[in-house]
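Text of the file query_16.cif, holding mmCIF, C-alpha atoms:
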data_upload
#
loop_
_atom_site.label_atom_id
_atom_site.label_comp_id
_atom_site.auth_asym_id
_atom_site.auth_seq_id
_atom_site.Cartn_x
_atom_site.Cartn_y
_atom_site.Cartn_z
CA MET B 1 -29.38 263.35 105.98
CA ARG B 2 -32.10 265.95 105.94
CA ILE B 3 -29.84 268.48 107.64
CA LEU B 4 -27.10 267.71 105.14
CA LYS B 5 -29.50 268.41 102.30
CA TYR B 6 -30.49 271.73 103.84
CA ALA B 7 -26.80 272.56 104.33
CA ALA B 8 -26.12 271.74 100.68
CA VAL B 9 -28.99 273.99 99.59
CA ALA B 10 -27.68 276.79 101.85
CA ALA B 11 -24.18 276.37 100.36
CA LEU B 12 -25.68 276.52 96.88
CA GLY B 13 -27.50 279.72 97.85
CA LEU B 14 -24.25 281.27 99.12
CA ALA B 15 -22.41 280.21 95.95
CA PHE B 16 -25.10 281.65 93.66
CA GLY B 17 -25.19 284.81 95.79
CA LEU B 18 -21.44 285.26 95.41
CA TYR B 19 -21.74 284.54 91.69
CA GLU B 20 -24.36 287.25 91.16
CA SER B 21 -22.89 289.84 93.53
CA THR B 22 -19.21 289.63 92.59
CA PHE B 23 -18.28 287.39 89.64
CA LEU B 24 -21.09 288.52 87.36
CA THR B 25 -20.23 292.20 87.77
CA PHE B 26 -16.86 291.65 86.04
CA VAL B 27 -18.25 289.81 83.06
CA SER B 28 -19.29 291.59 79.89
CA GLY B 29 -21.70 290.64 77.12
CA TRP B 30 -24.68 288.32 77.39
CA LEU B 31 -23.15 286.28 80.19
CA SER B 32 -23.56 289.27 82.51
CA TYR B 33 -27.34 288.86 82.32
CA LEU B 34 -27.27 285.22 83.39
CA LYS B 35 -28.82 285.38 86.87
CA PRO B 36 -29.72 281.91 88.09
CA ILE B 37 -31.05 282.64 91.59
CA LEU B 38 -34.64 283.31 90.59
CA PRO B 39 -35.05 280.36 88.20
CA SER B 40 -33.57 278.13 90.91
CA LEU B 41 -36.13 279.42 93.41
CA VAL B 42 -38.93 278.52 91.00
CA PHE B 43 -37.32 275.13 90.38
CA PHE B 44 -37.36 274.35 94.11
CA MET B 45 -40.98 275.53 94.33
CA LEU B 46 -42.13 273.31 91.53
CA LEU B 47 -40.22 270.38 93.00
CA GLU B 48 -42.37 271.07 96.07
CA ARG B 49 -39.28 271.72 98.15
CA ARG B 50 -40.53 274.95 99.68
CA GLY B 51 -38.19 274.73 102.64
CA TYR B 52 -35.26 274.48 100.25
CA ALA B 53 -36.58 277.46 98.29
CA LEU B 54 -36.82 279.60 101.43
CA ILE B 55 -33.36 278.61 102.71
CA PHE B 56 -31.86 279.10 99.26
CA GLY B 57 -33.51 282.52 98.85
CA ALA B 58 -32.47 283.71 102.32
CA CYS B 59 -28.82 282.62 101.86
CA ALA B 60 -28.46 283.99 98.33
CA GLY B 61 -30.19 287.24 99.30
CA THR B 62 -27.99 287.69 102.35
CA VAL B 63 -24.84 287.45 100.22
CA LEU B 64 -26.32 289.81 97.61
CA ASP B 65 -26.82 292.44 100.32
CA LEU B 66 -23.50 291.81 102.08
CA PHE B 67 -21.59 292.54 98.88
CA ALA B 68 -23.93 295.18 97.44
CA VAL B 69 -22.04 297.96 95.67
CA GLU B 70 -24.94 300.38 96.06
CA SER B 71 -27.01 300.63 99.24
CA PRO B 72 -28.58 297.32 100.35
CA SER B 73 -31.83 296.42 98.59
CA LEU B 74 -33.09 294.12 101.39
CA ALA B 75 -32.37 291.20 99.09
CA PRO B 76 -33.04 288.39 101.63
CA TRP B 77 -36.54 289.71 102.22
CA ARG B 78 -37.03 290.37 98.56
CA LEU B 79 -36.22 286.78 97.68
CA LEU B 80 -38.22 285.39 100.61
CA PHE B 81 -41.26 287.40 99.54
CA ILE B 82 -40.80 286.21 95.98
CA ALA B 83 -40.56 282.62 97.23
CA ALA B 84 -43.69 283.07 99.34
CA THR B 85 -45.56 284.62 96.41
CA LEU B 86 -44.48 281.82 94.10
CA TRP B 87 -45.55 279.34 96.76
CA PHE B 88 -49.03 280.88 96.77
CA VAL B 89 -49.18 281.03 92.96
CA SER B 90 -48.02 277.43 92.57
CA GLU B 91 -50.66 276.26 95.06
CA ARG B 92 -53.64 278.30 93.97
CA ILE B 93 -53.21 279.59 90.44
CA LEU B 94 -50.66 277.72 88.33
CA THR B 95 -51.21 274.25 89.71
CA ASN B 96 -49.96 272.28 86.74
CA ARG B 97 -46.32 271.31 86.40
CA SER B 98 -45.41 272.19 82.85
CA VAL B 99 -42.49 274.06 81.40
CA TYR B 100 -44.95 276.84 80.57
CA SER B 101 -45.98 277.29 84.19
CA MET B 102 -42.34 277.27 85.26
CA VAL B 103 -41.40 279.93 82.70
CA THR B 104 -44.44 282.01 83.64
CA MET B 105 -43.57 281.87 87.31
CA THR B 106 -39.93 282.76 86.67
CA LEU B 107 -40.88 285.77 84.56
CA ALA B 108 -43.49 286.84 87.13
CA GLY B 109 -40.82 286.52 89.83
CA ARG B 110 -38.39 288.61 87.77
CA LEU B 111 -41.00 291.33 87.33
CA PHE B 112 -41.76 291.26 91.06
CA ASP B 113 -38.01 291.49 91.75
CA TRP B 114 -37.66 294.51 89.45
CA SER B 115 -40.73 296.19 90.98
CA TRP B 116 -39.24 295.71 94.45
CA LEU B 117 -35.97 297.33 93.34
CA VAL B 118 -37.80 300.27 91.75
CA THR B 119 -39.85 300.73 94.94
CA THR B 120 -36.70 300.55 97.09
CA GLU B 121 -35.05 303.18 94.88
CA TRP B 122 -38.14 305.36 95.34
CA ILE B 123 -38.09 304.92 99.13
CA TYR B 124 -34.38 305.80 99.24
CA GLY B 125 -35.29 308.86 97.14
CA LEU B 126 -37.86 309.90 99.75
CA MET B 127 -35.09 309.61 102.34
CA GLY B 128 -32.98 311.97 100.24
CA ARG B 129 -30.59 309.36 98.90
CA ASP B 130 -29.92 308.92 95.22
CA VAL B 131 -29.53 305.19 94.68
CA TYR B 132 -29.57 303.13 91.49
CA LEU B 133 -30.68 299.55 92.09
CA ALA B 134 -33.09 298.52 89.35
CA PRO B 135 -31.71 297.56 85.96
CA SER B 136 -32.93 299.36 82.86
CA LEU B 137 -35.87 297.86 80.97
CA ALA B 138 -33.51 296.73 78.21
CA ASP B 139 -31.33 294.89 80.75
CA LEU B 140 -34.43 293.44 82.37
CA GLY B 141 -35.50 292.10 78.96
CA ARG B 142 -32.10 290.47 78.39
CA THR B 143 -32.16 288.91 81.85
CA ALA B 144 -35.71 287.64 81.23
CA ALA B 145 -34.63 286.12 77.91
CA LEU B 146 -31.84 284.22 79.66
CA ASP B 147 -34.24 283.31 82.49
CA PHE B 148 -36.33 281.57 79.85
CA VAL B 149 -33.32 279.53 78.69
CA VAL B 150 -32.21 278.66 82.24
CA THR B 151 -35.76 277.69 83.25
CA VAL B 152 -36.22 275.37 80.30
CA ALA B 153 -32.81 273.81 81.01
CA LEU B 154 -33.74 273.29 84.66
CA PHE B 155 -37.08 271.80 83.68
CA ILE B 156 -35.41 269.32 81.34
CA PHE B 157 -32.86 268.55 84.08
CA GLY B 158 -35.70 267.90 86.52
CA LEU B 159 -37.52 265.77 84.01
CA LEU B 160 -34.67 263.63 82.71
CA VAL B 161 -32.17 263.49 85.55
CA MET B 162 -34.29 263.85 88.66
CA ARG B 163 -37.37 262.13 87.21
CA GLN B 164 -39.61 264.84 88.60
CA TYR B 165 -42.90 266.19 87.16
CA LEU B 166 -43.64 262.73 85.77
CA ARG B 167 -45.97 261.63 88.52
CA PRO B 168 -49.43 263.18 88.75
CA ARG B 169 -49.94 266.12 91.00
CA ARG B 170 -51.59 265.49 94.34
CA ALA B 171 -55.33 265.75 94.64
CA LEU B 172 -55.23 269.32 95.84
CA ALA B 173 -54.11 270.65 92.50
CA TYR B 174 -56.93 269.02 90.62
CA GLY B 175 -59.55 269.09 93.31
CA MET J 1 -51.42 269.43 103.62
CA PRO J 2 -54.61 271.49 103.26
CA ILE J 3 -54.26 275.19 102.67
CA SER J 4 -56.04 276.06 105.93
CA ARG J 5 -53.26 274.38 107.97
CA ARG J 6 -50.59 276.15 106.03
CA VAL J 7 -51.88 279.63 106.63
CA PRO J 8 -50.53 279.87 110.22
CA LEU J 9 -47.15 278.61 109.00
CA PHE J 10 -47.17 281.31 106.34
CA ILE J 11 -48.08 283.95 108.92
CA ILE J 12 -45.35 282.72 111.30
CA LEU J 13 -42.84 282.81 108.46
CA MET J 14 -43.80 286.31 107.39
CA GLY J 15 -43.82 287.45 111.01
CA THR J 16 -40.30 286.10 111.47
CA VAL J 17 -39.15 287.79 108.29
CA LEU J 18 -40.68 291.07 109.44
CA ALA J 19 -39.08 290.79 112.88
CA VAL J 20 -35.66 290.12 111.37
CA ALA J 21 -36.22 293.05 108.98
CA VAL J 22 -36.92 295.36 111.92
CA LEU J 23 -33.82 294.12 113.79
CA TYR J 24 -31.84 294.66 110.61
CA GLY J 25 -33.25 298.14 110.16
CA ILE J 26 -32.28 299.30 113.64
CA GLY J 27 -28.78 297.90 113.26
CA ILE J 28 -28.85 295.10 115.85
CA LEU J 29 -27.74 292.62 113.21
CA ASN J 30 -24.67 294.64 112.17
CA PRO J 31 -22.18 292.43 114.09
CA VAL J 32 -23.70 289.36 112.44
CA GLN J 33 -23.35 291.01 109.03
CA GLU J 34 -19.72 291.94 109.70
CA THR J 35 -18.93 288.40 110.78
CA LEU J 36 -20.54 287.01 107.64
CA ARG J 37 -18.61 289.50 105.50
CA TRP J 38 -15.38 288.45 107.20
CA ALA J 39 -16.16 284.78 106.62
CA LEU J 40 -17.17 285.21 102.99
CA SER J 41 -14.53 287.77 101.99
CA PRO J 42 -11.96 285.20 100.78
CA LEU J 43 -14.59 283.60 98.55
CA ALA J 44 -15.74 286.99 97.28
CA ASN J 45 -12.11 287.89 96.49
CA LEU J 46 -11.60 284.62 94.64
CA SER J 47 -14.81 285.13 92.71
CA ALA J 48 -13.72 288.68 91.80
CA VAL J 49 -10.27 287.51 90.65
CA ILE J 50 -11.78 284.87 88.35
CA GLY J 51 -14.38 287.36 87.10
CA THR J 52 -11.71 289.99 86.42
CA ARG J 53 -9.59 287.59 84.40
CA LEU J 54 -12.50 286.33 82.34
CA GLY J 55 -13.84 289.87 81.93
CA HIS J 56 -10.52 291.22 80.68
CA ASP J 57 -10.16 288.36 78.22
CA ALA J 58 -13.56 289.00 76.76
CA ALA J 59 -13.51 292.79 76.86
CA GLY J 60 -14.01 294.73 73.67
CA ASN J 61 -13.69 293.64 70.08
CA VAL J 62 -10.45 293.89 68.18
CA ALA J 63 -11.51 296.68 65.79
CA THR J 64 -12.59 298.97 68.63
CA LEU J 65 -9.40 298.31 70.52
CA GLN J 66 -7.26 298.99 67.43
CA ALA J 67 -9.02 302.31 66.85
CA GLN J 68 -8.45 303.24 70.49
CA VAL J 69 -4.77 302.30 70.23
CA ARG J 70 -4.33 304.55 67.16
CA ASP J 71 -6.04 307.43 68.93
CA TYR J 72 -3.89 307.01 72.03
CA GLU J 73 -0.71 306.75 69.92
CA ASP J 74 -1.51 310.11 68.34
CA ARG J 75 -2.06 311.64 71.72
CA LEU J 76 1.09 310.03 73.09
CA ALA J 77 3.18 311.60 70.34
CA ALA J 78 1.77 315.02 71.21
CA PHE J 79 2.57 314.49 74.86
CA SER J 80 6.09 313.17 74.40
CA VAL J 81 7.75 316.58 74.19
CA ASP J 82 5.82 317.84 77.19
CA TYR J 83 6.67 314.65 79.04
CA VAL J 84 10.42 315.14 78.65
CA LYS J 85 10.15 318.67 80.02
CA LEU J 86 7.92 317.49 82.82
CA ARG J 87 10.29 314.70 83.80
CA SER J 88 13.22 317.06 84.14
CA LEU J 89 11.13 319.39 86.26
CA GLU J 90 9.86 316.46 88.28
CA GLU J 91 13.37 315.23 88.98
CA GLU J 92 14.44 318.66 90.05
CA ASN J 93 11.39 318.94 92.23
CA ARG J 94 12.02 315.55 93.82
CA GLN J 95 15.58 316.47 94.71
CA LEU J 96 14.45 319.73 96.22
CA ARG J 97 11.81 317.97 98.29
CA VAL J 98 14.30 315.42 99.56
CA MET J 99 16.69 318.17 100.44
CA ALA J 100 14.05 320.09 102.30
CA LYS J 101 12.71 316.91 103.93
CA PHE J 102 9.27 317.62 102.58
CA LEU J 103 8.60 314.15 101.33
CA SER J 104 6.76 312.92 104.36
CA SER J 105 4.90 316.13 104.98
CA THR J 106 2.28 315.61 102.29
CA GLY J 107 -0.09 314.46 104.99
CA TYR J 108 -1.25 311.40 103.02
CA ASP J 109 -0.36 307.77 102.98
CA HIS J 110 -1.93 305.05 100.88
CA ILE J 111 -3.41 301.60 101.10
CA GLY J 112 -4.03 299.14 98.28
CA ALA J 113 -7.43 297.54 97.73
CA ARG J 114 -8.98 294.99 95.42
CA VAL J 115 -12.22 295.63 93.58
CA ILE J 116 -14.57 292.79 94.49
CA ALA J 117 -17.77 293.93 92.78
CA ARG J 118 -18.85 296.54 90.27
CA HIS J 119 -22.05 298.31 89.36
CA ILE J 120 -21.45 300.09 86.08
CA GLN J 121 -24.63 300.56 84.13
CA GLY J 122 -26.52 303.60 82.95
CA LYS J 123 -26.16 306.50 85.36
CA SER J 124 -24.39 304.43 87.98
CA ALA J 125 -20.65 303.75 88.13
CA ALA J 126 -19.46 302.40 91.45
CA VAL J 127 -17.22 299.63 92.71
CA LEU J 128 -16.92 297.78 95.99
CA ILE J 129 -13.42 297.42 97.49
CA ASP J 130 -12.17 295.03 100.16
CA ARG J 131 -11.10 297.72 102.64
CA GLY J 132 -13.26 299.50 105.17
CA SER J 133 -13.27 301.65 108.27
CA ASP J 134 -11.08 299.06 110.05
CA ASP J 135 -8.33 300.03 107.60
CA GLY J 136 -8.67 303.72 108.39
CA LEU J 137 -10.87 304.58 105.43
CA GLU J 138 -13.41 307.39 105.61
CA LYS J 139 -16.07 308.77 103.34
CA GLY J 140 -14.78 311.29 100.81
CA MET J 141 -11.26 309.85 100.51
CA ALA J 142 -9.69 309.80 97.06
CA VAL J 143 -9.23 306.52 95.20
CA ILE J 144 -6.53 306.40 92.55
CA VAL J 145 -4.91 303.98 90.14
CA GLY J 146 -1.40 303.93 88.72
CA ASP J 147 0.72 306.98 89.45
CA GLY J 148 -2.05 309.15 90.78
CA VAL J 149 -5.00 309.05 88.41
CA LEU J 150 -8.15 309.79 90.38
CA VAL J 151 -10.93 307.31 89.67
CA GLY J 152 -13.42 308.15 92.40
CA LYS J 153 -14.26 308.87 96.00
CA ILE J 154 -15.42 306.68 98.87
CA THR J 155 -19.12 307.24 99.43
CA LEU J 156 -20.34 304.27 101.48
CA LEU J 157 -18.45 302.53 104.21
CA ASN J 158 -18.65 299.63 106.60
CA ARG J 159 -15.99 297.93 108.66
CA ARG J 160 -14.56 295.68 105.97
CA LEU J 161 -15.81 297.07 102.66
CA ALA J 162 -16.26 300.43 101.01
CA THR J 163 -18.12 301.68 97.97
CA VAL J 164 -16.22 303.94 95.59
CA THR J 165 -18.34 306.19 93.39
CA LEU J 166 -16.41 306.63 90.16
CA ILE J 167 -15.97 309.98 88.43
CA SER J 168 -18.32 308.96 85.61
CA ASP J 169 -21.21 308.30 88.01
CA GLU J 170 -24.01 310.83 87.69
CA ARG J 171 -23.77 311.61 91.42
CA SER J 172 -20.03 312.33 91.29
CA ARG J 173 -18.63 315.88 91.64
CA VAL J 174 -14.91 316.67 91.93
CA ALA J 175 -13.36 320.13 92.21
CA ALA J 176 -10.91 320.54 89.32
CA ALA J 177 -7.94 322.66 88.39
CA PRO J 178 -5.72 322.97 85.32
CA LEU J 179 -2.40 321.10 85.44
CA GLY J 180 0.31 323.16 87.07
CA SER J 181 -2.06 325.36 89.04
CA ASN J 182 -3.89 324.73 92.27
CA LYS J 183 -6.54 327.27 91.34
CA LEU J 184 -10.07 325.88 91.36
CA PHE J 185 -11.45 326.47 87.87
CA GLY J 186 -14.31 324.04 87.40
CA MET J 187 -16.15 320.93 88.45
CA VAL J 188 -15.82 317.44 86.99
CA GLU J 189 -19.33 315.98 86.83
CA GLY J 190 -20.22 312.41 85.98
CA LEU J 191 -22.82 311.89 83.28
CA GLY J 192 -23.19 308.13 83.47
CA ASN J 193 -22.33 305.62 80.74
CA GLY J 194 -18.62 306.10 81.42
CA ILE J 195 -18.68 309.80 80.50
CA SER J 196 -17.78 312.84 82.55
CA ARG J 197 -17.52 316.52 81.74
CA LEU J 198 -15.89 319.65 83.07
CA THR J 199 -18.36 322.39 83.93
CA LEU J 200 -18.45 325.88 85.42
CA VAL J 201 -15.18 326.91 83.79
CA PRO J 202 -15.05 330.73 83.47
CA GLN J 203 -14.68 331.99 79.91
CA SER J 204 -11.50 333.76 80.91
CA GLU J 205 -9.75 330.45 81.70
CA PRO J 206 -7.76 329.02 78.81
CA LEU J 207 -8.90 325.49 78.00
CA LYS J 208 -8.10 323.40 74.96
CA ARG J 209 -8.18 319.83 73.70
CA ASN J 210 -5.68 317.47 75.38
CA ASP J 211 -5.28 319.66 78.46
CA ILE J 212 -4.98 317.60 81.63
CA VAL J 213 -7.47 318.31 84.39
CA VAL J 214 -6.31 317.64 87.96
CA THR J 215 -7.85 317.84 91.41
CA ALA J 216 -7.94 321.32 92.90
CA GLY J 217 -7.22 320.21 96.44
CA THR J 218 -10.11 322.20 97.85
CA GLU J 219 -11.89 319.10 99.15
CA GLU J 220 -10.94 318.03 102.63
CA LYS J 221 -9.69 314.49 101.91
CA ILE J 222 -8.57 314.84 98.29
CA PRO J 223 -5.05 316.13 97.67
CA ALA J 224 -4.29 318.53 94.86
CA ASN J 225 -2.72 317.57 91.53
CA LEU J 226 -4.18 314.10 91.07
CA ALA J 227 -4.79 313.64 87.35
CA ILE J 228 -8.49 313.21 86.54
CA ALA J 229 -8.97 313.27 82.77
CA LEU J 230 -8.00 314.74 79.41
CA VAL J 231 -10.03 317.49 77.81
CA ASP J 232 -11.64 316.21 74.63
CA GLU J 233 -13.92 318.90 73.28
CA VAL J 234 -14.51 322.38 74.66
CA LYS J 235 -18.02 323.78 74.32
CA GLY J 236 -19.49 327.20 75.00
CA GLN J 237 -20.14 330.48 73.23
CA PRO J 238 -17.91 333.49 74.03
CA THR J 239 -21.02 335.20 75.38
CA ASP J 240 -21.72 332.44 77.92
CA PRO J 241 -20.45 333.04 81.45
CA PHE J 242 -19.04 329.52 81.67
CA LYS J 243 -17.79 326.89 79.29
CA THR J 244 -17.90 323.13 79.52
CA ALA J 245 -15.74 320.36 78.13
CA THR J 246 -16.21 316.68 77.55
CA LEU J 247 -13.48 314.61 79.18
CA LEU J 248 -11.63 311.44 78.32
CA PRO J 249 -10.80 309.33 81.36
CA LEU J 250 -7.13 308.51 81.95
CA ALA J 251 -7.99 305.08 83.39
CA ARG J 252 -10.30 302.32 82.18
CA LEU J 253 -13.03 302.75 84.75
CA ASP J 254 -14.85 299.65 83.53
CA GLN J 255 -11.82 297.43 84.09
CA LEU J 256 -10.60 298.39 87.53
CA SER J 257 -9.25 295.53 89.59
CA LEU J 258 -6.67 297.05 91.93
CA VAL J 259 -6.89 300.57 93.33
CA THR J 260 -5.18 302.72 95.95
CA VAL J 261 -6.94 304.76 98.60
CA LEU J 262 -5.23 307.94 99.79
CA ARG J 263 -5.85 308.63 103.43
CA PRO J 264 -4.71 311.57 105.49
CA ALA J 265 -1.85 310.35 107.67
CA ALA J 266 -3.69 311.36 110.80
CA LEU J 267 -6.34 308.71 110.10
CA ARG J 268 -4.10 305.72 109.58
CA PRO J 269 -4.60 302.94 112.12
CA VAL J 270 -1.67 302.46 114.47
CA THR J 271 -2.06 298.68 114.15
CA ASP J 272 -0.98 298.80 110.52
CA PRO J 273 2.81 299.16 110.67
CA GLN J 274 3.27 298.33 106.98
CA ASN J 275 1.56 301.54 105.95
CA TYR J 276 2.93 303.67 108.72
CA ALA J 277 4.86 306.67 107.45
CA HIS J 278 7.05 308.46 109.90
CA PRO J 279 6.04 312.04 110.46
#
Reformat the file's structure so that it appears as structure tokens.
Amino acid sequence: MRILKYAAVAALGLAFGLYESTFLTFVSGWLSYLKPILPSLVFFMLLERRGYALIFGACAGTVLDLFAVESPSLAPWRLLFIAATLWFVSERILTNRSVYSMVTMTLAGRLFDWSWLVTTEWIYGLMGRDVYLAPSLADLGRTAALDFVVTVALFIFGLLVMRQYLRPRRALAYG
Amino acid sequence: MPISRRVPLFIILMGTVLAVAVLYGIGILNPVQETLRWALSPLANLSAVIGTRLGHDAAGNVATLQAQVRDYEDRLAAFSVDYVKLRSLEEENRQLRVMAKFLSSTGYDHIGARVIARHIQGKSAAVLIDRGSDDGLEKGMAVIVGDGVLVGKITLLNRRLATVTLISDERSRVAAAPLGSNKLFGMVEGLGNGISRLTLVPQSEPLKRNDIVVTAGTEEKIPANLAIALVDEVKGQPTDPFKTATLLPLARLDQLSLVTVLRPAALRPVTDPQNYAHP
């Protein structure tokens, strides 16, 4: 059963990766800023399913790089580092399980993601290659706005459907 | 689990990630990547087809489209007379070529490709197509739509996919000539945001609104006389050594779904009989 769950999470990662790398690039308007991979990573983190988060991030990132129009942005490592950072933050800094912490972590993850892309662009530049990977600040703002909506929706889903976040956090968080 | 027991796990995880990153960097994982691409290509194609349909349905508002239609109708009327003359010349030319058996000596054949992803924002305008080096594609080859409208060049390549940098991309440069002449007279440069311009045109060259700019044929893998764009507005003082012109694209670069890659006949794979043209 456990393997099946991991397989389902991997399949979800592949599906979301395909969605962001191919489908989304054909869509215009606000829908084109709807990028669910990062909020889902945070969702898995706050559900304390870190293994799922890492598998999901690796699978989604792999697909993002496989079908990258520009040069690869090392997306699997980007998402794994984001997952690891969120893991650390959720353990040591934002230990409560509120919608606020989830939104904060998603936005922090999005900023980290953008910084990674800007740094990758800069490194490509040092190697003499002109590559455009990072979205403009305006696009980043639109994506962040939709991240907020997706995160709140996921939180409510977790709360009402999965009955998560209702039980008290383990001693570590409050100790 | 206490934090202290998790630290080694974290280090192991990061170490693994780093090791895989190094293997990836030196290219050992390329066969794995190609296999994954092959396995996921049908899903990527399906995703692109659905995205294209939804994207086309939602594209543009009605008022903008109506204004564009009026503008294009005006231009069409102006071109009609020229078109009739051109068609008669074209027919004559075709018959002459058939007679002289020149048809197959152009040195190019073509292969169709589907756009499976796009990156059109700001300075960047590029698309990913579902053909790669396995299909005989090479960097620098011309990518066209319709009856020979150049939309871009192949700039990145792997076995199954290729990236096409469109003519409006800031990194794009295409040698250009006026219609009806193979003489190089300028450079089509991308400016980003779907715009391109013609630069480095000597003042002595006649250039006016609605002129068609075509490829000069001076680039190794791009044939001459592929239509690129229409001249919109010519800029430059008579005292300047060169003049520039803003261009109107002849194809909707933001709505590409099917394209054709022109490849020199010498590069076509022998395993592809469908696209094999007899010399």
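Comparing the minimum interatomic distances between Ser168 in chain J and each of J:Leu253, J:Leu184, J:Ala224, J:Leu89, counting all atoms listed in the file, we find that J:Leu253 sits nearest.
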Chain and number of each residue from the PyMOL selection byres ((chain B) within 9 of (chain J)), as a PyMOL selection string: chain B and resi 14-15+18-19+21-29+62-63+66-71+74+77+80-81+84+91+130-133+135-136+172
8 Å contact set for Gly217 in chain J, only C-alpha atoms, chain neighbours under 6 positions out, as a ChimeraX atom specification: /J:175,182,223-225
For Thr106 in chain B: contacts at 9 Å, all atoms listed in the file, fewer than 2 positions along chain excluded, given as a ChimeraX atom specification: /B:38-43,86,101-104,108-111,144,147-148,151
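Put simply, the PyMOL selection byres ((chain B and resi 6) around 12) in this file takes in Met1, Arg2, Ile3, Leu4, Lys5, Ala7, Ala8, Val9, Ala10, Ala11, Leu12, Gly13, Arg49, Arg50, Gly51, Tyr52, Ala53, Leu54, Ile55, Phe56 and Cys59 of chain B.
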Saved selection, atoms kept: C-alpha atoms, as a PDB file, in the frame of the given file:
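Ended up saving to again.pdb:
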ATOM      1  CA  MET B   1     -29.380 263.350 105.980  1.00  0.00           C
ATOM      2  CA  ARG B   2     -32.100 265.950 105.940  1.00  0.00           C
ATOM      3  CA  ILE B   3     -29.840 268.480 107.640  1.00  0.00           C
ATOM      4  CA  LEU B   4     -27.100 267.710 105.140  1.00  0.00           C
ATOM      5  CA  LYS B   5     -29.500 268.410 102.300  1.00  0.00           C
ATOM      6  CA  ALA B   7     -26.800 272.560 104.330  1.00  0.00           C
ATOM      7  CA  ALA B   8     -26.120 271.740 100.680  1.00  0.00           C
ATOM      8  CA  VAL B   9     -28.990 273.990  99.590  1.00  0.00           C
ATOM      9  CA  ALA B  10     -27.680 276.790 101.850  1.00  0.00           C
ATOM     10  CA  ALA B  11     -24.180 276.370 100.360  1.00  0.00           C
ATOM     11  CA  LEU B  12     -25.680 276.520  96.880  1.00  0.00           C
ATOM     12  CA  GLY B  13     -27.500 279.720  97.850  1.00  0.00           C
ATOM     13  CA  ARG B  49     -39.280 271.720  98.150  1.00  0.00           C
ATOM     14  CA  ARG B  50     -40.530 274.950  99.680  1.00  0.00           C
ATOM     15  CA  GLY B  51     -38.190 274.730 102.640  1.00  0.00           C
ATOM     16  CA  TYR B  52     -35.260 274.480 100.250  1.00  0.00           C
ATOM     17  CA  ALA B  53     -36.580 277.460  98.290  1.00  0.00           C
ATOM     18  CA  LEU B  54     -36.820 279.600 101.430  1.00  0.00           C
ATOM     19  CA  ILE B  55     -33.360 278.610 102.710  1.00  0.00           C
ATOM     20  CA  PHE B  56     -31.860 279.100  99.260  1.00  0.00           C
ATOM     21  CA  CYS B  59     -28.820 282.620 101.860  1.00  0.00           C
TER      22      CYS B  59
END
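The two atoms in question, CA of Thr119 in chain B and CA of Pro31 in chain J, are spaced 27.3 Å apart.
Interatomic distance, CA of Gly61 in chain B to CA of Leu140 in chain B: 18.5 Å.
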Residue contacts of Thr260 in chain J (9 Å, only C-alpha atoms) excluding same-chain residues fewer than 6 positions away, as a PyMOL selection string: chain J and resi 110-114+142-146+148
All residues 12 Å or closer to Glu138 in chain J, all atoms listed in the file, same chain fewer than 5 positions away omitted, as a PyMOL selection string: chain J and resi 131-133+143+153-164+220-222+261-264+266-269
Gap from CA of Gly57 in chain B to CA of Gly128 in chain B - Å, one decimal: 29.5 Å
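Take the candidates B:Trp114, B:Ile82, B:Glu48, B:Ile93 and check each one against Asp139 in chain B using all atoms listed in the file; the shortest distance goes to B:Trp114.
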Is it possible to get the axis-aligned box enclosing range 248-261 of chain J (all listed atoms, 8 Å extra per side) as lines of an AutoDock Vina configuration file, with centre and edge lengths in Å rounded to one decimal?
center_x = -10.0
center_y = 303.5
center_z = 88.5
size_x = 25.7
size_y = 31.9
size_z = 36.3
